[in-house]
Structures are given as C-alpha cells and as structure tokens.
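K.L.:
Contents of entry-v9.csv (CSV, N, CA and C atoms) are below:
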chain,number,residue,atom,x,y,z
A,1,MET,N,-5.7,-5.4,25.1
A,1,MET,CA,-5.6,-5.4,23.6
A,1,MET,C,-5.2,-4.0,23.1
A,2,ARG,N,-4.9,-4.0,21.9
A,2,ARG,CA,-4.4,-2.8,21.3
A,2,ARG,C,-5.5,-1.9,20.7
A,3,LYS,N,-5.1,-0.6,20.5
A,3,LYS,CA,-6.0,0.4,19.8
A,3,LYS,C,-5.4,0.7,18.5
A,4,VAL,N,-6.3,1.1,17.5
A,4,VAL,CA,-5.9,1.3,16.2
A,4,VAL,C,-6.7,2.5,15.6
A,5,ILE,N,-6.1,3.3,14.7
A,5,ILE,CA,-6.8,4.3,13.9
A,5,ILE,C,-6.6,3.7,12.5
A,6,VAL,N,-7.8,3.5,11.8
A,6,VAL,CA,-7.7,2.9,10.5
A,6,VAL,C,-8.0,4.0,9.4
A,7,ASN,N,-7.4,3.7,8.2
A,7,ASN,CA,-7.7,4.5,7.1
A,7,ASN,C,-8.6,3.8,6.2
A,8,SER,N,-8.9,4.3,5.0
A,8,SER,CA,-9.9,3.7,4.2
A,8,SER,C,-9.5,2.3,3.6
A,9,THR,N,-8.3,2.1,3.3
A,9,THR,CA,-7.9,0.9,2.6
A,9,THR,C,-8.3,-0.4,3.3
A,10,PRO,N,-7.9,-0.6,4.6
A,10,PRO,CA,-8.3,-1.8,5.3
A,10,PRO,C,-9.8,-2.0,5.4
A,11,LEU,N,-10.5,-0.9,5.6
A,11,LEU,CA,-12.0,-0.9,5.6
A,11,LEU,C,-12.6,-1.4,4.3
A,12,ILE,N,-12.1,-0.8,3.2
A,12,ILE,CA,-12.7,-1.2,1.9
A,12,ILE,C,-12.3,-2.6,1.6
A,13,VAL,N,-11.1,-3.0,1.8
A,13,VAL,CA,-10.7,-4.4,1.4
A,13,VAL,C,-11.4,-5.4,2.3
A,14,LEU,N,-11.4,-5.2,3.6
A,14,LEU,CA,-12.1,-6.2,4.5
A,14,LEU,C,-13.6,-6.3,4.2
A,15,CYS,N,-14.2,-5.1,4.0
A,15,CYS,CA,-15.6,-5.1,3.6
A,15,CYS,C,-15.9,-5.8,2.3
A,16,SER,N,-15.0,-5.7,1.3
A,16,SER,CA,-15.3,-6.3,0.0
A,16,SER,C,-15.2,-7.8,0.1
A,17,ILE,N,-14.4,-8.3,1.0
A,17,ILE,CA,-14.3,-9.8,1.2
A,17,ILE,C,-15.2,-10.3,2.3
A,18,GLY,N,-16.0,-9.4,2.9
A,18,GLY,CA,-17.0,-9.8,3.9
A,18,GLY,C,-16.3,-10.2,5.2
A,19,ARG,N,-15.2,-9.6,5.6
A,19,ARG,CA,-14.4,-10.0,6.8
A,19,ARG,C,-14.1,-8.7,7.7
A,20,LEU,N,-15.0,-7.8,7.7
A,20,LEU,CA,-14.8,-6.6,8.5
A,20,LEU,C,-14.6,-6.9,10.0
A,21,GLU,N,-15.1,-8.1,10.4
A,21,GLU,CA,-15.0,-8.4,11.8
A,21,GLU,C,-13.6,-8.7,12.3
A,22,ILE,N,-12.7,-8.9,11.3
A,22,ILE,CA,-11.3,-9.2,11.7
A,22,ILE,C,-10.7,-8.0,12.5
A,23,LEU,N,-11.1,-6.8,12.2
A,23,LEU,CA,-10.6,-5.6,13.0
A,23,LEU,C,-11.1,-5.7,14.4
A,24,GLN,N,-12.3,-6.2,14.6
A,24,GLN,CA,-12.9,-6.3,16.0
A,24,GLN,C,-12.2,-7.4,16.8
A,25,LYS,N,-11.7,-8.4,16.1
A,25,LYS,CA,-11.0,-9.5,16.7
A,25,LYS,C,-9.6,-9.1,17.1
A,26,MET,N,-9.0,-8.2,16.3
A,26,MET,CA,-7.6,-7.8,16.5
A,26,MET,C,-7.4,-6.7,17.5
A,27,TYR,N,-8.4,-5.8,17.6
A,27,TYR,CA,-8.2,-4.5,18.3
A,27,TYR,C,-9.4,-4.3,19.3
A,28,ALA,N,-9.0,-3.8,20.5
A,28,ALA,CA,-10.0,-3.5,21.5
A,28,ALA,C,-10.7,-2.2,21.2
A,29,GLU,N,-10.0,-1.3,20.6
A,29,GLU,CA,-10.6,0.0,20.2
A,29,GLU,C,-10.2,0.4,18.8
A,30,ILE,N,-11.2,0.7,18.0
A,30,ILE,CA,-11.0,1.0,16.6
A,30,ILE,C,-11.5,2.5,16.4
A,31,THR,N,-10.6,3.3,15.9
A,31,THR,CA,-11.0,4.7,15.6
A,31,THR,C,-11.0,4.9,14.1
A,32,ILE,N,-12.1,5.4,13.6
A,32,ILE,CA,-12.2,5.8,12.2
A,32,ILE,C,-12.4,7.3,12.1
A,33,PRO,N,-11.4,8.0,11.6
A,33,PRO,CA,-11.6,9.5,11.5
A,33,PRO,C,-12.8,9.8,10.6
A,34,ALA,N,-13.3,11.0,10.9
A,34,ALA,CA,-14.5,11.5,10.1
A,34,ALA,C,-14.3,11.5,8.6
A,35,ALA,N,-13.1,11.9,8.2
A,35,ALA,CA,-12.8,12.0,6.8
A,35,ALA,C,-12.8,10.6,6.1
A,36,VAL,N,-12.3,9.6,6.9
A,36,VAL,CA,-12.2,8.3,6.4
A,36,VAL,C,-13.7,7.7,6.3
A,37,TYR,N,-14.4,7.9,7.3
A,37,TYR,CA,-15.8,7.5,7.4
A,37,TYR,C,-16.6,8.0,6.2
A,38,ARG,N,-16.4,9.3,5.9
A,38,ARG,CA,-17.1,9.9,4.7
A,38,ARG,C,-16.7,9.3,3.4
A,39,GLU,N,-15.4,9.0,3.3
A,39,GLU,CA,-14.8,8.4,2.1
A,39,GLU,C,-15.4,7.0,1.8
A,40,VAL,N,-15.6,6.2,2.8
A,40,VAL,CA,-16.0,4.9,2.6
A,40,VAL,C,-17.6,4.7,2.6
A,41,THR,N,-18.3,5.8,3.1
A,41,THR,CA,-19.7,5.6,3.2
A,41,THR,C,-20.5,6.5,2.2
A,42,GLU,N,-20.0,7.6,1.8
A,42,GLU,CA,-20.7,8.5,0.9
A,42,GLU,C,-20.6,8.0,-0.6
A,43,LYS,N,-21.7,8.0,-1.2
A,43,LYS,CA,-21.7,7.6,-2.6
A,43,LYS,C,-21.5,8.8,-3.5
A,44,GLU,N,-20.6,8.7,-4.5
A,44,GLU,CA,-20.4,9.8,-5.4
A,44,GLU,C,-21.6,9.9,-6.4
A,45,ASP,N,-22.0,11.1,-6.7
A,45,ASP,CA,-23.0,11.3,-7.7
A,45,ASP,C,-22.3,11.4,-9.1
A,46,ILE,N,-22.6,10.4,-9.9
A,46,ILE,CA,-21.9,10.3,-11.2
A,46,ILE,C,-23.0,10.5,-12.3
What's the structure tokens form of this structure?
P.N.:
Amino acid sequence: MRKVIVNSTPLIVLCSIGRLEILQKMYAEITIPAAVYREVTEKEDI
C-alpha cells in the first residue's frame, strides 16, 4: 500500500463528516506533520 503525508484540509473535512477512517483504508502509512497536528487539534482562545 501507499504512504501519504496529509495536510489539515483532508483531516478537517473527513473528521467533520465522520469518515476519518477513509485515510486508514487508503494508505498503509499516514504522516501528519507536527504543524498540521497543532492546527487541527489546538483550540483558539477567543
């Protein structure tokens, strides 16, 4: 299977529709850079 490095867009979109598992079905190895991880997991203080 293939390997992939993902940015925030597919993570946000797939998570919002409850289908994050699609990435696991398509790729054997998924790399999420630290900056992308922070972007999608840290909540902004407003």
K.L.:
Could you give me, as JSON, numbers by chain, the residues within 8 Å of Leu11 in chain A, counting only C-alpha atoms and dropping anything in the same chain fewer than 4 positions from it?
P.N.:
{"A": [6, 7, 15, 20, 40]}
K.L.:
From the set A:Ile22, A:Glu42, A:Glu29, A:Ile17, which residue has the shortest atom-to-atom contact distance to Val4 in chain A, counting only C-alpha atoms?
P.N.:
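Under the stated criterion, the closest residue is A:Glu29.
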K.L.:
Between CA of Tyr27 in chain A and CA of Leu14 in chain A, what is the distance in Å, rounded to a tenth?
P.N.:
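We find that CA of Tyr27 in chain A and CA of Leu14 in chain A lie 14.4 Å from each other.
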K.L.:
Choose the residue, out of A:Val13, A:Ser8, A:Gly18, A:Lys3, that has the smallest atom-to-atom separation from Ala35 in chain A; count all atoms listed in the file.
P.N.:
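Under the stated criterion, the closest residue is A:Ser8.
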K.L.:
Let's see if you can do this: from backbone DSSP, list all alpha helix (DSSP H) residues in chain A, as a count of residues only.
P.N.:
23
K.L.:
Quick check, in Å to one decimal: how far apart do CA of Thr31 in chain A and atom C of Arg2 in chain A lie?
P.N.:
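That distance, rounded to one decimal, is 10.0 Å.
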K.L.:
Apply DSSP to the backbone of this structure and, from chain A, keep only the residues in strand (DSSP E); write these as a PyMOL selection string.
P.N.:
chain A and resi 2-5+27-31
K.L.:
What is the distance, in Å and to one decimal place, between atom N of Arg19 in chain A and atom N of Val36 in chain A?
P.N.:
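Separating atom N of Arg19 in chain A from atom N of Val36 in chain A is a distance of 19.5 Å.
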K.L.:
Just need range 1-14 of chain A in a file, please: all heavy atoms, as a PDB file, in the first residue's frame.
P.N.:
ATOM      1  N   MET A   1       0.827  -1.192   0.000  1.00  0.00           N
ATOM      2  CA  MET A   1       0.000   0.000   0.000  1.00  0.00           C
ATOM      3  C   MET A   1       0.866   1.248   0.000  1.00  0.00           C
ATOM      4  O   MET A   1       2.044   1.207   0.290  1.00  0.00           O
ATOM      5  CB  MET A   1      -0.927   0.029   1.207  1.00  0.00           C
ATOM      6  CG  MET A   1      -2.240  -0.614   0.964  1.00  0.00           C
ATOM      7  SD  MET A   1      -3.545   0.304   1.773  1.00  0.00           S
ATOM      8  CE  MET A   1      -4.733  -0.985   1.811  1.00  0.00           C
ATOM      9  N   ARG A   2       0.232   2.355  -0.226  1.00  0.00           N
ATOM     10  CA  ARG A   2       0.947   3.622  -0.351  1.00  0.00           C
ATOM     11  C   ARG A   2       1.095   4.343   0.984  1.00  0.00           C
ATOM     12  O   ARG A   2       0.380   4.071   1.934  1.00  0.00           O
ATOM     13  CB  ARG A   2       0.205   4.525  -1.323  1.00  0.00           C
ATOM     14  CG  ARG A   2       0.079   3.910  -2.686  1.00  0.00           C
ATOM     15  CD  ARG A   2      -0.620   4.794  -3.654  1.00  0.00           C
ATOM     16  NE  ARG A   2      -1.976   5.116  -3.210  1.00  0.00           N
ATOM     17  CZ  ARG A   2      -2.800   5.893  -3.882  1.00  0.00           C
ATOM     18  NH1 ARG A   2      -2.425   6.423  -5.007  1.00  0.00           N
ATOM     19  NH2 ARG A   2      -4.001   6.136  -3.428  1.00  0.00           N
ATOM     20  N   LYS A   3       2.020   5.299   0.977  1.00  0.00           N
ATOM     21  CA  LYS A   3       2.245   6.176   2.122  1.00  0.00           C
ATOM     22  C   LYS A   3       1.777   7.570   1.732  1.00  0.00           C
ATOM     23  O   LYS A   3       1.804   7.930   0.560  1.00  0.00           O
ATOM     24  CB  LYS A   3       3.726   6.227   2.474  1.00  0.00           C
ATOM     25  CG  LYS A   3       4.309   4.899   2.852  1.00  0.00           C
ATOM     26  CD  LYS A   3       5.788   5.028   3.104  1.00  0.00           C
ATOM     27  CE  LYS A   3       6.400   3.677   3.399  1.00  0.00           C
ATOM     28  NZ  LYS A   3       7.845   3.783   3.617  1.00  0.00           N
ATOM     29  N   VAL A   4       1.368   8.365   2.734  1.00  0.00           N
ATOM     30  CA  VAL A   4       0.891   9.711   2.443  1.00  0.00           C
ATOM     31  C   VAL A   4       1.265  10.654   3.584  1.00  0.00           C
ATOM     32  O   VAL A   4       1.338  10.254   4.742  1.00  0.00           O
ATOM     33  CB  VAL A   4      -0.637   9.724   2.199  1.00  0.00           C
ATOM     34  CG1 VAL A   4      -1.408   9.401   3.448  1.00  0.00           C
ATOM     35  CG2 VAL A   4      -1.100  11.040   1.627  1.00  0.00           C
ATOM     36  N   ILE A   5       1.516  11.904   3.224  1.00  0.00           N
ATOM     37  CA  ILE A   5       1.672  12.988   4.198  1.00  0.00           C
ATOM     38  C   ILE A   5       0.459  13.881   4.004  1.00  0.00           C
ATOM     39  O   ILE A   5       0.209  14.362   2.904  1.00  0.00           O
ATOM     40  CB  ILE A   5       2.966  13.785   3.956  1.00  0.00           C
ATOM     41  CG1 ILE A   5       4.173  12.861   4.084  1.00  0.00           C
ATOM     42  CG2 ILE A   5       3.064  14.959   4.934  1.00  0.00           C
ATOM     43  CD1 ILE A   5       5.483  13.501   3.676  1.00  0.00           C
ATOM     44  N   VAL A   6      -0.321  14.068   5.054  1.00  0.00           N
ATOM     45  CA  VAL A   6      -1.563  14.836   4.902  1.00  0.00           C
ATOM     46  C   VAL A   6      -1.428  16.232   5.488  1.00  0.00           C
ATOM     47  O   VAL A   6      -0.714  16.455   6.453  1.00  0.00           O
ATOM     48  CB  VAL A   6      -2.777  14.132   5.555  1.00  0.00           C
ATOM     49  CG1 VAL A   6      -3.101  12.860   4.829  1.00  0.00           C
ATOM     50  CG2 VAL A   6      -2.562  13.871   7.016  1.00  0.00           C
ATOM     51  N   ASN A   7      -2.167  17.154   4.859  1.00  0.00           N
ATOM     52  CA  ASN A   7      -2.262  18.496   5.427  1.00  0.00           C
ATOM     53  C   ASN A   7      -3.591  18.590   6.171  1.00  0.00           C
ATOM     54  O   ASN A   7      -4.309  17.602   6.303  1.00  0.00           O
ATOM     55  CB  ASN A   7      -2.088  19.579   4.350  1.00  0.00           C
ATOM     56  CG  ASN A   7      -3.175  19.548   3.296  1.00  0.00           C
ATOM     57  OD1 ASN A   7      -4.276  19.049   3.521  1.00  0.00           O
ATOM     58  ND2 ASN A   7      -2.887  20.087   2.135  1.00  0.00           N
ATOM     59  N   SER A   8      -3.928  19.747   6.642  1.00  0.00           N
ATOM     60  CA  SER A   8      -5.105  19.883   7.505  1.00  0.00           C
ATOM     61  C   SER A   8      -6.431  19.719   6.776  1.00  0.00           C
ATOM     62  O   SER A   8      -7.407  19.245   7.367  1.00  0.00           O
ATOM     63  CB  SER A   8      -5.076  21.220   8.232  1.00  0.00           C
ATOM     64  OG  SER A   8      -5.082  22.287   7.301  1.00  0.00           O
ATOM     65  N   THR A   9      -6.504  20.078   5.507  1.00  0.00           N
ATOM     66  CA  THR A   9      -7.784  20.058   4.799  1.00  0.00           C
ATOM     67  C   THR A   9      -8.456  18.685   4.793  1.00  0.00           C
ATOM     68  O   THR A   9      -9.610  18.565   5.205  1.00  0.00           O
ATOM     69  CB  THR A   9      -7.634  20.604   3.364  1.00  0.00           C
ATOM     70  OG1 THR A   9      -7.135  21.937   3.445  1.00  0.00           O
ATOM     71  CG2 THR A   9      -8.963  20.607   2.638  1.00  0.00           C
ATOM     72  N   PRO A  10      -7.786  17.610   4.354  1.00  0.00           N
ATOM     73  CA  PRO A  10      -8.476  16.319   4.376  1.00  0.00           C
ATOM     74  C   PRO A  10      -8.820  15.853   5.789  1.00  0.00           C
ATOM     75  O   PRO A  10      -9.861  15.222   6.000  1.00  0.00           O
ATOM     76  CB  PRO A  10      -7.513  15.356   3.690  1.00  0.00           C
ATOM     77  CG  PRO A  10      -6.202  16.030   3.670  1.00  0.00           C
ATOM     78  CD  PRO A  10      -6.462  17.498   3.741  1.00  0.00           C
ATOM     79  N   LEU A  11      -7.985  16.175   6.755  1.00  0.00           N
ATOM     80  CA  LEU A  11      -8.289  15.786   8.134  1.00  0.00           C
ATOM     81  C   LEU A  11      -9.544  16.486   8.641  1.00  0.00           C
ATOM     82  O   LEU A  11     -10.425  15.859   9.237  1.00  0.00           O
ATOM     83  CB  LEU A  11      -7.106  16.106   9.053  1.00  0.00           C
ATOM     84  CG  LEU A  11      -5.832  15.321   8.802  1.00  0.00           C
ATOM     85  CD1 LEU A  11      -4.719  15.835   9.698  1.00  0.00           C
ATOM     86  CD2 LEU A  11      -6.063  13.841   9.017  1.00  0.00           C
ATOM     87  N   ILE A  12      -9.637  17.778   8.399  1.00  0.00           N
ATOM     88  CA  ILE A  12     -10.792  18.549   8.860  1.00  0.00           C
ATOM     89  C   ILE A  12     -12.061  18.089   8.162  1.00  0.00           C
ATOM     90  O   ILE A  12     -13.100  17.863   8.799  1.00  0.00           O
ATOM     91  CB  ILE A  12     -10.561  20.057   8.647  1.00  0.00           C
ATOM     92  CG1 ILE A  12      -9.447  20.542   9.581  1.00  0.00           C
ATOM     93  CG2 ILE A  12     -11.838  20.852   8.865  1.00  0.00           C
ATOM     94  CD1 ILE A  12      -8.922  21.931   9.264  1.00  0.00           C
ATOM     95  N   VAL A  13     -11.996  17.929   6.844  1.00  0.00           N
ATOM     96  CA  VAL A  13     -13.187  17.533   6.080  1.00  0.00           C
ATOM     97  C   VAL A  13     -13.634  16.133   6.465  1.00  0.00           C
ATOM     98  O   VAL A  13     -14.827  15.910   6.742  1.00  0.00           O
ATOM     99  CB  VAL A  13     -12.918  17.629   4.557  1.00  0.00           C
ATOM    100  CG1 VAL A  13     -14.053  17.008   3.766  1.00  0.00           C
ATOM    101  CG2 VAL A  13     -12.712  19.072   4.147  1.00  0.00           C
ATOM    102  N   LEU A  14     -12.731  15.178   6.481  1.00  0.00           N
ATOM    103  CA  LEU A  14     -13.114  13.804   6.809  1.00  0.00           C
ATOM    104  C   LEU A  14     -13.627  13.687   8.238  1.00  0.00           C
ATOM    105  O   LEU A  14     -14.582  12.954   8.497  1.00  0.00           O
ATOM    106  CB  LEU A  14     -11.945  12.855   6.566  1.00  0.00           C
ATOM    107  CG  LEU A  14     -11.577  12.633   5.100  1.00  0.00           C
ATOM    108  CD1 LEU A  14     -10.280  11.839   4.989  1.00  0.00           C
ATOM    109  CD2 LEU A  14     -12.706  11.954   4.347  1.00  0.00           C
TER     110      LEU A  14
END
